[in-house]
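Novice: My structure is below; once you've seen it, I'll send some questions.
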Amino acid sequence: MIQVQHLTKTYEDLHRGRFVAVDRISFTVRPGEIFGLLGPNGAGKTTVLRILSTVLSPTSGIATVDGFNVESDAAEVRRRIGFVSNNTAIYERMTAWELVEYFGRLHGMGNDQLLHRMENLFDRLRMNDFRNVPGSKMSTGMRQKVSIARAMIHDPPVLVFDEATLGLDVLVARNLLSVIRSLRDAGKCLIFSTHIMSEVERLCDRIAIMHRGRILDSGSLAELTQRHREDDFEELFFGLLSRHENLDAELAEGVAS
Ligand SMILES: Nc1ncnc2c1ncn2[C@@H]1O[C@H](COP(=O)(O)OP(=O)(O)OP(=O)(O)O)[C@@H](O)[C@H]1O
Ligand SMILES: [Mg+2]
């Protein structure tokens, strides 16, 4: 469903010059699967997810969603994808209900279909108690639920979550993780970024460990722990990162000498 091949993104940065944020990464995500991008701050996770959701264009490489290219078939891709970040703008004056309805209309949904879908989503995400609360009076958790409902309104086969649990309390975060699981069980294709290890351990069918724009390794938790002969996932993660950093430092020294 999602195919990424040799994807690269460079930014022109005032201080760093030409900066490689995503460096020739490749992965695929199938329907009915939760794929986790795990990496520290600045690893390149958001950049990858923004390319997938057609907000950014890649410098080189290819990304497709359901066979459609994110650059040349952007409209088709947008129809198939829902994007949830932790800083989606909420219109201050619109209520939760109005906001989700508005996005449904933007996707061209008809009255009956939209109403049915909204009732279903508001139940599922437990949003009925703040249907009529305007954006300006919403808590972080409420805003996040509205962002999720808005991303799911057109029932896309692919959902992208960029650090979606950031700022949520334990209860709301747990509810979100269980919604994500049920979406997987309904055959959706899910990609999820985080720097919280326990989230990927509990949720993801496959994991890619990202650092400085590269995927250091990927596979299921069982595959990764077997390959690195390390049962403790946290140890495995830090081991990979520090080996990669040492390697980079040696390479840099080699170039300098
Ligand atoms: N518009 C931009 N111009 C220049 N550099 C950028 C731009 N956007 C991102 N970067 C850089 O690209 C790198 C990857 O950023 P990105 O936001 O993709 O990382 P991330 O893994 O999502 O990090 P975080 O966990 O902090 O959200 C960082 O070094 C960042 O500073
Ligand atoms: Mg990010």
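By convention in this document, the chains of the structure tokens carry letters A, B, ... by their order, each chain's residues are numbered from 1, and ligands are numbered from 1 in the order they are shown.
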Where does stretch 65-125 of chain A meet stretch 28-51 of chain A within 10 Å, residue by residue, with the nearest atom pair and distance in Å to one decimal for each, counting only C-alpha atoms, listed by chain and rising number, as a Markdown table?

Specialist:
| residue | atom | partner | partner_atom | distance |
| --- | --- | --- | --- | --- |
| A:Val65 | CA | A:Val29 | CA | 9.5 |
| A:Asp66 | CA | A:Arg30 | CA | 9.7 |
| A:Val70 | CA | A:Ile51 | CA | 7.3 |
| A:Glu71 | CA | A:Ile51 | CA | 8.8 |
| A:Phe83 | CA | A:Leu49 | CA | 8.5 |
| A:Val84 | CA | A:Leu49 | CA | 10.0 |
| A:Ser85 | CA | A:Thr46 | CA | 9.0 |

Novice: Grab the residues selected above and save them as a PDB file, in the first residue's frame with C-alpha atoms.

Specialist:
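What ended up in result_26.pdb:
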ATOM      1  CA  VAL A  65       0.437   5.237  -1.915  1.00  0.00           C
ATOM      2  CA  ASP A  66      -1.815   2.566  -3.379  1.00  0.00           C
ATOM      3  CA  VAL A  70       3.028  11.393  -4.168  1.00  0.00           C
ATOM      4  CA  GLU A  71       4.354  13.969  -6.606  1.00  0.00           C
ATOM      5  CA  PHE A  83      -2.678  12.671   8.396  1.00  0.00           C
ATOM      6  CA  VAL A  84      -2.663  13.192  12.151  1.00  0.00           C
ATOM      7  CA  SER A  85       0.057  15.299  13.739  1.00  0.00           C
TER       8      SER A  85
END

Novice: Within 12 Å of ligand 1, which residues show up when you count only C-alpha atoms and all ligand atoms? List them as a PyMOL selection string, please.

Specialist: chain A and resi 8-23+37-51+55-57+85-87+161-164+166+192-196+209-215

Novice: What is the atom CA of A:His154 to atom CA of A:Leu177 distance in Å?

Specialist: 20.2 Å

Novice: Give me the residues near A:Arg78 as number ranges by chain, where near means some atom within 10 Å (using only C-alpha atoms) and where sequence neighbours in that chain fewer than 3 positions away do not count.

Specialist: A: 52-55, 65, 68, 70, 73-75, 81-83, 107, 156, 158

Novice: For the selection just defined, write its residues with all heavy atoms to a file, as an mmCIF file, in the first residue's frame.

Specialist:
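Result written to part.cif:
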data_model
loop_
_atom_site.group_PDB
_atom_site.id
_atom_site.type_symbol
_atom_site.label_atom_id
_atom_site.label_comp_id
_atom_site.auth_asym_id
_atom_site.auth_seq_id
_atom_site.Cartn_x
_atom_site.Cartn_y
_atom_site.Cartn_z
ATOM 1 N N LEU A 52 4.972 11.661 2.385
ATOM 2 C CA LEU A 52 3.901 10.701 2.093
ATOM 3 C C LEU A 52 2.542 11.382 1.969
ATOM 4 O O LEU A 52 1.712 10.981 1.164
ATOM 5 C CB LEU A 52 3.822 9.630 3.184
ATOM 6 C CG LEU A 52 4.856 8.515 3.118
ATOM 7 C CD1 LEU A 52 4.716 7.593 4.314
ATOM 8 C CD2 LEU A 52 4.696 7.724 1.816
ATOM 9 N N SER A 53 2.329 12.415 2.784
ATOM 10 C CA SER A 53 1.023 13.064 2.729
ATOM 11 C C SER A 53 1.007 14.242 1.756
ATOM 12 O O SER A 53 0.115 15.082 1.824
ATOM 13 C CB SER A 53 0.559 13.458 4.121
ATOM 14 O OG SER A 53 1.595 14.086 4.800
ATOM 15 N N THR A 54 1.991 14.299 0.877
ATOM 16 C CA THR A 54 2.084 15.241 -0.259
ATOM 17 C C THR A 54 2.299 16.712 0.146
ATOM 18 O O THR A 54 2.164 17.599 -0.682
ATOM 19 C CB THR A 54 0.857 15.191 -1.218
ATOM 20 O OG1 THR A 54 -0.237 15.903 -0.648
ATOM 21 C CG2 THR A 54 0.428 13.764 -1.547
ATOM 22 N N VAL A 55 2.637 16.956 1.404
ATOM 23 C CA VAL A 55 2.873 18.335 1.835
ATOM 24 C C VAL A 55 4.251 18.821 1.380
ATOM 25 O O VAL A 55 4.447 19.999 1.089
ATOM 26 C CB VAL A 55 2.773 18.451 3.380
ATOM 27 C CG1 VAL A 55 2.885 19.889 3.828
ATOM 28 C CG2 VAL A 55 1.471 17.849 3.873
ATOM 29 N N VAL A 65 1.514 5.671 -2.807
ATOM 30 C CA VAL A 65 0.437 5.237 -1.915
ATOM 31 C C VAL A 65 -0.616 4.575 -2.800
ATOM 32 O O VAL A 65 -1.142 5.239 -3.709
ATOM 33 C CB VAL A 65 -0.165 6.433 -1.142
ATOM 34 C CG1 VAL A 65 -1.388 5.995 -0.349
ATOM 35 C CG2 VAL A 65 0.879 7.044 -0.216
ATOM 36 N N PHE A 68 -0.143 5.188 -6.375
ATOM 37 C CA PHE A 68 -0.105 6.563 -6.875
ATOM 38 C C PHE A 68 1.117 7.309 -6.342
ATOM 39 O O PHE A 68 1.398 7.263 -5.140
ATOM 40 C CB PHE A 68 -1.382 7.315 -6.499
ATOM 41 C CG PHE A 68 -2.600 6.804 -7.215
ATOM 42 C CD1 PHE A 68 -3.471 5.926 -6.590
ATOM 43 C CD2 PHE A 68 -2.851 7.174 -8.538
ATOM 44 C CE1 PHE A 68 -4.581 5.433 -7.251
ATOM 45 C CE2 PHE A 68 -3.961 6.683 -9.208
ATOM 46 C CZ PHE A 68 -4.825 5.813 -8.568
ATOM 47 N N VAL A 70 3.355 10.233 -5.009
ATOM 48 C CA VAL A 70 3.028 11.393 -4.168
ATOM 49 C C VAL A 70 3.269 12.727 -4.878
ATOM 50 O O VAL A 70 2.677 13.745 -4.497
ATOM 51 C CB VAL A 70 3.816 11.388 -2.825
ATOM 52 C CG1 VAL A 70 3.393 10.223 -1.956
ATOM 53 C CG2 VAL A 70 5.308 11.368 -3.055
ATOM 54 N N ASP A 73 0.743 12.217 -8.715
ATOM 55 C CA ASP A 73 -0.680 11.904 -8.499
ATOM 56 C C ASP A 73 -1.119 12.361 -7.107
ATOM 57 O O ASP A 73 -1.829 11.639 -6.401
ATOM 58 C CB ASP A 73 -0.933 10.398 -8.607
ATOM 59 C CG ASP A 73 -0.418 9.798 -9.891
ATOM 60 O OD1 ASP A 73 -0.733 10.341 -10.958
ATOM 61 O OD2 ASP A 73 0.304 8.784 -9.824
ATOM 62 N N ALA A 74 -0.702 13.559 -6.733
ATOM 63 C CA ALA A 74 -0.925 14.029 -5.358
ATOM 64 C C ALA A 74 -2.408 13.999 -4.953
ATOM 65 O O ALA A 74 -2.730 13.613 -3.825
ATOM 66 C CB ALA A 74 -0.348 15.425 -5.186
ATOM 67 N N ALA A 75 -3.301 14.364 -5.856
ATOM 68 C CA ALA A 75 -4.727 14.404 -5.505
ATOM 69 C C ALA A 75 -5.243 13.004 -5.177
ATOM 70 O O ALA A 75 -6.005 12.813 -4.221
ATOM 71 C CB ALA A 75 -5.538 15.020 -6.639
ATOM 72 N N ILE A 81 -5.377 9.039 1.989
ATOM 73 C CA ILE A 81 -4.544 9.164 3.177
ATOM 74 C C ILE A 81 -5.153 10.132 4.190
ATOM 75 O O ILE A 81 -5.819 11.095 3.814
ATOM 76 C CB ILE A 81 -3.120 9.619 2.731
ATOM 77 C CG1 ILE A 81 -2.049 9.119 3.671
ATOM 78 C CG2 ILE A 81 -3.044 11.096 2.522
ATOM 79 C CD1 ILE A 81 -0.657 9.210 3.082
ATOM 80 N N GLY A 82 -4.976 9.832 5.462
ATOM 81 C CA GLY A 82 -5.367 10.765 6.524
ATOM 82 C C GLY A 82 -4.132 11.040 7.359
ATOM 83 O O GLY A 82 -3.396 10.113 7.691
ATOM 84 N N PHE A 83 -3.901 12.299 7.686
ATOM 85 C CA PHE A 83 -2.678 12.671 8.396
ATOM 86 C C PHE A 83 -3.015 13.262 9.756
ATOM 87 O O PHE A 83 -3.783 14.214 9.851
ATOM 88 C CB PHE A 83 -1.902 13.694 7.546
ATOM 89 C CG PHE A 83 -0.560 14.075 8.110
ATOM 90 C CD1 PHE A 83 0.529 13.241 7.929
ATOM 91 C CD2 PHE A 83 -0.399 15.259 8.807
ATOM 92 C CE1 PHE A 83 1.775 13.586 8.447
ATOM 93 C CE2 PHE A 83 0.850 15.610 9.331
ATOM 94 C CZ PHE A 83 1.941 14.771 9.142
ATOM 95 N N HIS A 107 -14.106 16.885 1.394
ATOM 96 C CA HIS A 107 -13.855 15.626 0.679
ATOM 97 C C HIS A 107 -15.033 15.245 -0.216
ATOM 98 O O HIS A 107 -15.051 14.174 -0.793
ATOM 99 C CB HIS A 107 -13.560 14.490 1.659
ATOM 100 C CG HIS A 107 -12.154 14.543 2.202
ATOM 101 N ND1 HIS A 107 -11.049 14.255 1.441
ATOM 102 C CD2 HIS A 107 -11.689 14.866 3.430
ATOM 103 C CE1 HIS A 107 -9.957 14.387 2.169
ATOM 104 N NE2 HIS A 107 -10.317 14.767 3.387
ATOM 105 N N PRO A 156 -10.103 6.896 4.781
ATOM 106 C CA PRO A 156 -8.980 6.564 3.904
ATOM 107 C C PRO A 156 -8.368 5.210 4.280
ATOM 108 O O PRO A 156 -8.399 4.832 5.454
ATOM 109 C CB PRO A 156 -7.979 7.691 4.170
ATOM 110 C CG PRO A 156 -8.265 8.105 5.580
ATOM 111 C CD PRO A 156 -9.743 7.919 5.783
ATOM 112 N N VAL A 158 -5.255 4.544 4.235
ATOM 113 C CA VAL A 158 -3.947 4.761 4.857
ATOM 114 C C VAL A 158 -4.042 5.881 5.884
ATOM 115 O O VAL A 158 -4.594 6.940 5.598
ATOM 116 C CB VAL A 158 -2.885 5.162 3.790
ATOM 117 C CG1 VAL A 158 -1.539 5.458 4.441
ATOM 118 C CG2 VAL A 158 -2.742 4.072 2.738
#

Novice: Grab the atom CA of A:Asp205 to atom CA of A:Met127 distance for me, in Å with one decimal place.

Specialist: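 Atom-to-atom, atom CA of A:Asp205 and atom CA of A:Met127 are spaced 27.9 Å apart.
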
Novice: Neighbours of stretch 149-152 of chain A within 9 Å (only C-alpha atoms; same-chain residues fewer than 2 positions away dropped), as a ChimeraX atom specification?

Specialist: /A:81-84,99-104,118,121-122,125,144-147,154-156,159-160

Novice: So, with only C-alpha atoms as the atoms that count, which of A:Val77, A:Val133, A:Met197, A:Leu7 lies closest to A:Glu98?

Specialist: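 Closest to A:Glu98, using only C-alpha atoms: A:Val133.
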
Novice: List as a PDB file with all heavy atoms, in the first residue's frame the protein and nucleic acid residues near A:Ile62, meaning an atom at most 7 Å away when only C-alpha atoms are counted, but skip any in the same chain fewer than 5 places from it.

Specialist:
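Saved the output as out-v1.pdb:
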ATOM      1  N   VAL A   4       8.152   3.058  -0.468  1.00  0.00           N
ATOM      2  CA  VAL A   4       9.143   4.129  -0.435  1.00  0.00           C
ATOM      3  C   VAL A   4      10.466   3.556  -0.915  1.00  0.00           C
ATOM      4  O   VAL A   4      10.918   2.534  -0.405  1.00  0.00           O
ATOM      5  CB  VAL A   4       9.269   4.679   1.010  1.00  0.00           C
ATOM      6  CG1 VAL A   4      10.456   5.600   1.138  1.00  0.00           C
ATOM      7  CG2 VAL A   4       7.991   5.397   1.430  1.00  0.00           C
ATOM      8  N   GLN A   5      11.046   4.197  -1.937  1.00  0.00           N
ATOM      9  CA  GLN A   5      12.304   3.686  -2.496  1.00  0.00           C
ATOM     10  C   GLN A   5      13.343   4.790  -2.618  1.00  0.00           C
ATOM     11  O   GLN A   5      13.121   5.787  -3.310  1.00  0.00           O
ATOM     12  CB  GLN A   5      12.055   3.105  -3.890  1.00  0.00           C
ATOM     13  CG  GLN A   5      11.458   1.719  -3.846  1.00  0.00           C
ATOM     14  CD  GLN A   5      11.096   1.239  -5.232  1.00  0.00           C
ATOM     15  OE1 GLN A   5      10.678   2.014  -6.084  1.00  0.00           O
ATOM     16  NE2 GLN A   5      11.258  -0.042  -5.461  1.00  0.00           N
ATOM     17  N   HIS A   6      14.446   4.574  -1.927  1.00  0.00           N
ATOM     18  CA  HIS A   6      15.593   5.499  -1.990  1.00  0.00           C
ATOM     19  C   HIS A   6      15.170   6.951  -1.785  1.00  0.00           C
ATOM     20  O   HIS A   6      15.678   7.846  -2.450  1.00  0.00           O
ATOM     21  CB  HIS A   6      16.332   5.356  -3.329  1.00  0.00           C
ATOM     22  CG  HIS A   6      16.719   3.957  -3.644  1.00  0.00           C
ATOM     23  ND1 HIS A   6      17.574   3.236  -2.839  1.00  0.00           N
ATOM     24  CD2 HIS A   6      16.354   3.132  -4.645  1.00  0.00           C
ATOM     25  CE1 HIS A   6      17.710   2.024  -3.334  1.00  0.00           C
ATOM     26  NE2 HIS A   6      16.982   1.922  -4.430  1.00  0.00           N
ATOM     27  N   LEU A   7      14.246   7.145  -0.896  1.00  0.00           N
ATOM     28  CA  LEU A   7      13.704   8.491  -0.682  1.00  0.00           C
ATOM     29  C   LEU A   7      14.750   9.391  -0.006  1.00  0.00           C
ATOM     30  O   LEU A   7      15.364   9.011   0.990  1.00  0.00           O
ATOM     31  CB  LEU A   7      12.451   8.399   0.198  1.00  0.00           C
ATOM     32  CG  LEU A   7      11.590   9.643   0.240  1.00  0.00           C
ATOM     33  CD1 LEU A   7      10.880   9.827  -1.102  1.00  0.00           C
ATOM     34  CD2 LEU A   7      10.548   9.524   1.350  1.00  0.00           C
TER      35      LEU A   7
END

Novice: Using Å and a single decimal, report how far atom CA of A:Glu119 sits from atom CA of A:Ala96.

Specialist: 12.3 Å

Novice: I need the residues in stretch 66-137 of chain A that are alpha helix (DSSP H) according to DSSP; give them as number ranges by chain.

Specialist: A: 74-80, 96-106, 111-124
